[in-house]
Amino acid sequence: MKSISVMLVDDEKEFVDTLAERLELRGIGVRVANDGETALPMIDDDPPDLVFLDMMMPGIGGLETLKRIKERHPAVQVILLTGRGSDQDGMDGMNMGAADYIMKPIEIDQLMEKLEKFNK
Amino acid sequence: MMTRAKSWLYTTIRHFLSIHKISDVSSRYIILRRNITLIMLFVTIVPLTVMGAINHFQYRESLKNEVIEPLRVLLNKTRHSFHLFLEERLSMIRFISSAYTFEQLSDPATLNRLYRVLKNEFAGFVDIGLINGKGLQVGYAGPYSLENKDYSQQAWFQEVLIRDSFISEVFMGYRKFPHIAIAVQRVEHDGTYWMLRATIDTNKFDEIISTMEIDAKSDAFIVNREGIFQTHSRYYGDVLEKSPFDILQGAYETTIDETIDPLGREVIVAYASFDKPSFSLVVVKPRDIILRTWITLQGEMFFIFFASVFVIIVIVIKLSDVMVMNIKEAEERRENAIHELEQNQKLSAIGRLAAGVAHEINNPLAIINEKAGLMKDLVTYSPDFEKKQRFLDLLTSIINSVGRCKTITHRLLGFARHKEPRLEPLDINHLVQEVVGFVNKEMVYRNIDLRTEFAEDLPRVLADQGQVQQVFLNILSNALAAVHDNGRVSITSWEEDKLSVGVSIQDNGSGMTEKTIQRIFDPFFTTKKAGGTGLGLFITYGIVKKLGGDIKVHSRENEGSTFTIYLPKVNGETDKEKAE
């Protein structure tokens, strides 16, 4: 598998750190940010291939962050993480340029599947 | 005193009309209907009655005047006729006394000739006599032999001496039939005087009265100053008898009295007087004859009045019924609407609460999921981990449990969102089996005997999969709650008719009372001791109805319950028909 750089953006630190560790165990380079404001400069410095972005975050929030990422780095793929259990939220995000969405709690296999899909 | 009475009346009316807080709703409407009826009757019947009464008296008054006026005219006319009759005869006698000397009239041949002329030309003359100053009748022409009769002591003789002329009242005199006498005095140049006297029979009076054309029940007659009949009366006595009526003499104007006659009739007495002689012409008419038109009209008016009142009462009662019924319906509709709104609000509040809770739980769930996942990863990637398989099993179990929680939170979130149902053809048998899978563990654990009897080739139904699953899961969960351990639950499916498919879920559990059955689809109604939400069957009912289906319950206490759900087929066709 070709090396892929991933960024996780979620305000739930426990969740995002653990998930990062799991991905690293699977040989994926991961960077973590806990809100949109922190994530954006990191993306500007070194744009990742894929961003997992939580929709509900303090500050500018998921959708706004998505908008700004897509404005500055159209090539960066964004997969939304939604905790509200609704397809509608995911669809809204996809209309704004997200590549896909996953509902929390996530299944690691599902996530890996999508990762591989984008790595092709 | 007045104020107290007023306040009492006010309180009484208010008490009567007011709608007190009556727990029984139907009696509130009865009072409302009564009040509307009374008010409407009051505002319709009172003006009608007042109008009727005014009309009654007004018309009676004007009719009376209308009837009395002709009577007045008739009286005047007839009085005039009498006056003329008497005056004519008096003038004739006066003329004779002037035209002829005493000596000429003393000649029986002359007197007889004059008598014949008078009798022929002027009706009523009975005889004529010449009386000298001493009151002795010196000449006489007529059917009797009254020569030399002495009148000097009679009242009329004295009166003639004073007044020159005289008309007597009716008397019988020597002749034994009613007549009147008229006399004039002649004074010669030498101071001697003599009189000419004639008698006139009163048949002529009766004739004049008969020209009045008085009807059979009425009467007309002449009375003198003392109220003595001068003519024959049809009902009240004969000539020279006393009249029963009080007649005021000297009333030249027509006078009208109302009284009761000796026969007991209510009568109107109209009379007019004339002097020389002092007579009164009297007409007596029973009132009912005069007011016959009025009485007839009064009868008609009364009929119309009572008929109108009857019609008004019927209409008012019907109208009040309709009005109150409408009010009642409107209030019921309003109450239902408010009730529905309240339920919707409660439901939406609960929905929001559920969504909030679900969302909050989702985050820790995600953490548990990741932590367990990481542990699993670590165990998986370390080759020499003691009890590796045991740990992997435990972690998988945690992750699976999280998955179940996720299903629940997502369902809650979905419920709160009011997602529009997505209708698709569903295999009900398969779907029910899936739902049974959710509760299979519980059934096995409690040793519940599940019997399924699915119809083969069952047509597909058109419904939303998630919703139908929810429906069957609710009912099945209730069945499991109702049955005791080792109990029995039967699920049967069949093709009900051309349009629908039926599924029944029957248990032999505790069953329900009639009262409970009536309320099971109400929101927040629950019999579960642990405290159910009371929303399960409410939501179930809503879903089934929205899908165009129906749900029926049959239950007996301590025997069990059967829930039957009917769902619409795809286009109301069977799959077989579709294949063809």
# chains A, B, ... in the order shown; residues from 1 in each chain; ligands from 1

call {"tool": "interface_residues", "arguments": {"of": "chain B", "to": "chain A", "cutoff": "8 Å", "atoms": "only C-alpha atoms", "output": "PyMOL selection string"}}
result
chain B and resi 359+362-363+365-367+369-371+373-374+377+402-403+406+409-411+413-414

call {"tool": "write_last_selection", "arguments": {"atoms": "N, CA and C atoms", "output": "PDB file, in the first residue's frame"}}
result
ATOM      1  N   HIS B 359     -27.041  11.823  21.206  1.00  0.00           N
ATOM      2  CA  HIS B 359     -25.837  12.469  20.697  1.00  0.00           C
ATOM      3  C   HIS B 359     -24.735  12.492  21.758  1.00  0.00           C
ATOM      4  N   ASN B 362     -23.324   9.148  22.199  1.00  0.00           N
ATOM      5  CA  ASN B 362     -22.568   8.730  21.006  1.00  0.00           C
ATOM      6  C   ASN B 362     -21.065   8.993  21.149  1.00  0.00           C
ATOM      7  N   ASN B 363     -20.723  10.139  21.738  1.00  0.00           N
ATOM      8  CA  ASN B 363     -19.311  10.489  21.871  1.00  0.00           C
ATOM      9  C   ASN B 363     -18.546   9.533  22.787  1.00  0.00           C
ATOM     10  N   LEU B 365     -19.413   6.633  23.505  1.00  0.00           N
ATOM     11  CA  LEU B 365     -19.450   5.335  22.807  1.00  0.00           C
ATOM     12  C   LEU B 365     -18.298   5.231  21.809  1.00  0.00           C
ATOM     13  N   ALA B 366     -18.114   6.339  21.096  1.00  0.00           N
ATOM     14  CA  ALA B 366     -17.040   6.363  20.095  1.00  0.00           C
ATOM     15  C   ALA B 366     -15.688   6.157  20.770  1.00  0.00           C
ATOM     16  N   ILE B 367     -15.531   6.768  21.969  1.00  0.00           N
ATOM     17  CA  ILE B 367     -14.258   6.620  22.696  1.00  0.00           C
ATOM     18  C   ILE B 367     -14.071   5.171  23.132  1.00  0.00           C
ATOM     19  N   ASN B 369     -15.358   2.631  21.883  1.00  0.00           N
ATOM     20  CA  ASN B 369     -15.135   1.863  20.649  1.00  0.00           C
ATOM     21  C   ASN B 369     -13.666   1.908  20.226  1.00  0.00           C
ATOM     22  N   GLU B 370     -13.105   3.133  20.263  1.00  0.00           N
ATOM     23  CA  GLU B 370     -11.726   3.287  19.809  1.00  0.00           C
ATOM     24  C   GLU B 370     -10.738   2.664  20.792  1.00  0.00           C
ATOM     25  N   LYS B 371     -11.041   2.881  22.110  1.00  0.00           N
ATOM     26  CA  LYS B 371     -10.148   2.313  23.120  1.00  0.00           C
ATOM     27  C   LYS B 371     -10.122   0.791  23.001  1.00  0.00           C
ATOM     28  N   GLY B 373     -10.968  -0.880  20.461  1.00  0.00           N
ATOM     29  CA  GLY B 373     -10.363  -1.194  19.159  1.00  0.00           C
ATOM     30  C   GLY B 373      -8.843  -1.202  19.251  1.00  0.00           C
ATOM     31  N   LEU B 374      -8.336  -0.166  19.938  1.00  0.00           N
ATOM     32  CA  LEU B 374      -6.886  -0.062  20.064  1.00  0.00           C
ATOM     33  C   LEU B 374      -6.315  -1.243  20.853  1.00  0.00           C
ATOM     34  N   ASP B 377      -6.266  -4.069  18.678  1.00  0.00           N
ATOM     35  CA  ASP B 377      -5.147  -3.945  17.739  1.00  0.00           C
ATOM     36  C   ASP B 377      -3.839  -4.370  18.417  1.00  0.00           C
ATOM     37  N   VAL B 402     -20.885  -2.052  21.800  1.00  0.00           N
ATOM     38  CA  VAL B 402     -20.911  -0.658  21.346  1.00  0.00           C
ATOM     39  C   VAL B 402     -21.742  -0.543  20.070  1.00  0.00           C
ATOM     40  N   GLY B 403     -21.576  -1.531  19.201  1.00  0.00           N
ATOM     41  CA  GLY B 403     -22.345  -1.549  17.952  1.00  0.00           C
ATOM     42  C   GLY B 403     -23.838  -1.561  18.233  1.00  0.00           C
ATOM     43  N   LYS B 406     -24.883   1.729  19.401  1.00  0.00           N
ATOM     44  CA  LYS B 406     -24.894   2.629  18.241  1.00  0.00           C
ATOM     45  C   LYS B 406     -26.220   2.506  17.493  1.00  0.00           C
ATOM     46  N   THR B 409     -28.757   4.382  19.560  1.00  0.00           N
ATOM     47  CA  THR B 409     -28.648   5.849  19.487  1.00  0.00           C
ATOM     48  C   THR B 409     -29.039   6.358  18.103  1.00  0.00           C
ATOM     49  N   HIS B 410     -28.631   5.624  17.089  1.00  0.00           N
ATOM     50  CA  HIS B 410     -28.982   6.059  15.731  1.00  0.00           C
ATOM     51  C   HIS B 410     -30.475   5.987  15.489  1.00  0.00           C
ATOM     52  N   ARG B 411     -31.092   4.960  16.096  1.00  0.00           N
ATOM     53  CA  ARG B 411     -32.546   4.849  15.923  1.00  0.00           C
ATOM     54  C   ARG B 411     -33.236   6.016  16.624  1.00  0.00           C
ATOM     55  N   LEU B 413     -31.944   8.925  17.238  1.00  0.00           N
ATOM     56  CA  LEU B 413     -31.692  10.142  16.468  1.00  0.00           C
ATOM     57  C   LEU B 413     -32.581  10.197  15.237  1.00  0.00           C
ATOM     58  N   GLY B 414     -32.745   9.059  14.622  1.00  0.00           N
ATOM     59  CA  GLY B 414     -33.590   8.978  13.420  1.00  0.00           C
ATOM     60  C   GLY B 414     -35.034   9.291  13.769  1.00  0.00           C
TER      61      GLY B 414
END

call {"tool": "select_by_dssp", "arguments": {"residues": "region 4-61 of chain A", "states": "strand (DSSP E or B)", "output": "list in words"}}
result
Ser5, Val6, Met7, Leu8, Val9, Gly29, Val30, Arg31, Val32, Ala33, Leu50, Val51, Phe52, Leu53 and Asp54 of chain A

call {"tool": "residues_around", "arguments": {"residues": "Val76 (chain A)", "least_positions_apart": "6", "cutoff": "7 Å", "atoms": "only C-alpha atoms", "output": "number ranges by chain"}}
result
A: 47-50

call {"tool": "write_last_selection", "arguments": {"atoms": "C-alpha atoms", "output": "compact mmCIF listing (two decimals), in the first residue's frame"}}
result
# COMPACT_ATOMS: atom_id res chain seq x y z
CA PRO A 47 -1.43 19.39 2.93
CA PRO A 48 -2.37 15.76 3.79
CA ASP A 49 -3.94 13.37 1.30
CA LEU A 50 -7.00 12.79 3.41

call {"tool": "closest_residue", "arguments": {"among": "B:Val283, B:Leu118, B:Leu341, B:Val468", "to": "Tyr235 (chain B)", "atoms": "only C-alpha atoms"}}
result
B:Val283

call {"tool": "atom_distance", "arguments": {"atom1": "CA of Phe245 (chain B)", "atom2": "CA of Glu266 (chain B)"}}
result
12.8 Å

call {"tool": "decode", "arguments": {"residues": "region 66-77 of chain A", "atoms": "C-alpha atoms", "output": "PDB file, in the first residue's frame"}}
result
ATOM      1  CA  LEU A  66     -14.484  21.807   5.219  1.00  0.00           C
ATOM      2  CA  LYS A  67     -15.374  24.847   3.188  1.00  0.00           C
ATOM      3  CA  ARG A  68     -12.052  26.537   3.911  1.00  0.00           C
ATOM      4  CA  ILE A  69     -10.014  23.397   3.224  1.00  0.00           C
ATOM      5  CA  LYS A  70     -11.717  22.926  -0.128  1.00  0.00           C
ATOM      6  CA  GLU A  71     -11.196  26.609  -0.967  1.00  0.00           C
ATOM      7  CA  ARG A  72      -7.477  26.489  -0.335  1.00  0.00           C
ATOM      8  CA  HIS A  73      -6.655  22.889  -1.184  1.00  0.00           C
ATOM      9  CA  PRO A  74      -9.176  21.410  -3.568  1.00  0.00           C
ATOM     10  CA  ALA A  75      -7.038  18.304  -3.945  1.00  0.00           C
ATOM     11  CA  VAL A  76      -7.294  17.380  -0.252  1.00  0.00           C
ATOM     12  CA  GLN A  77     -10.004  14.759   0.228  1.00  0.00           C
TER      13      GLN A  77
END
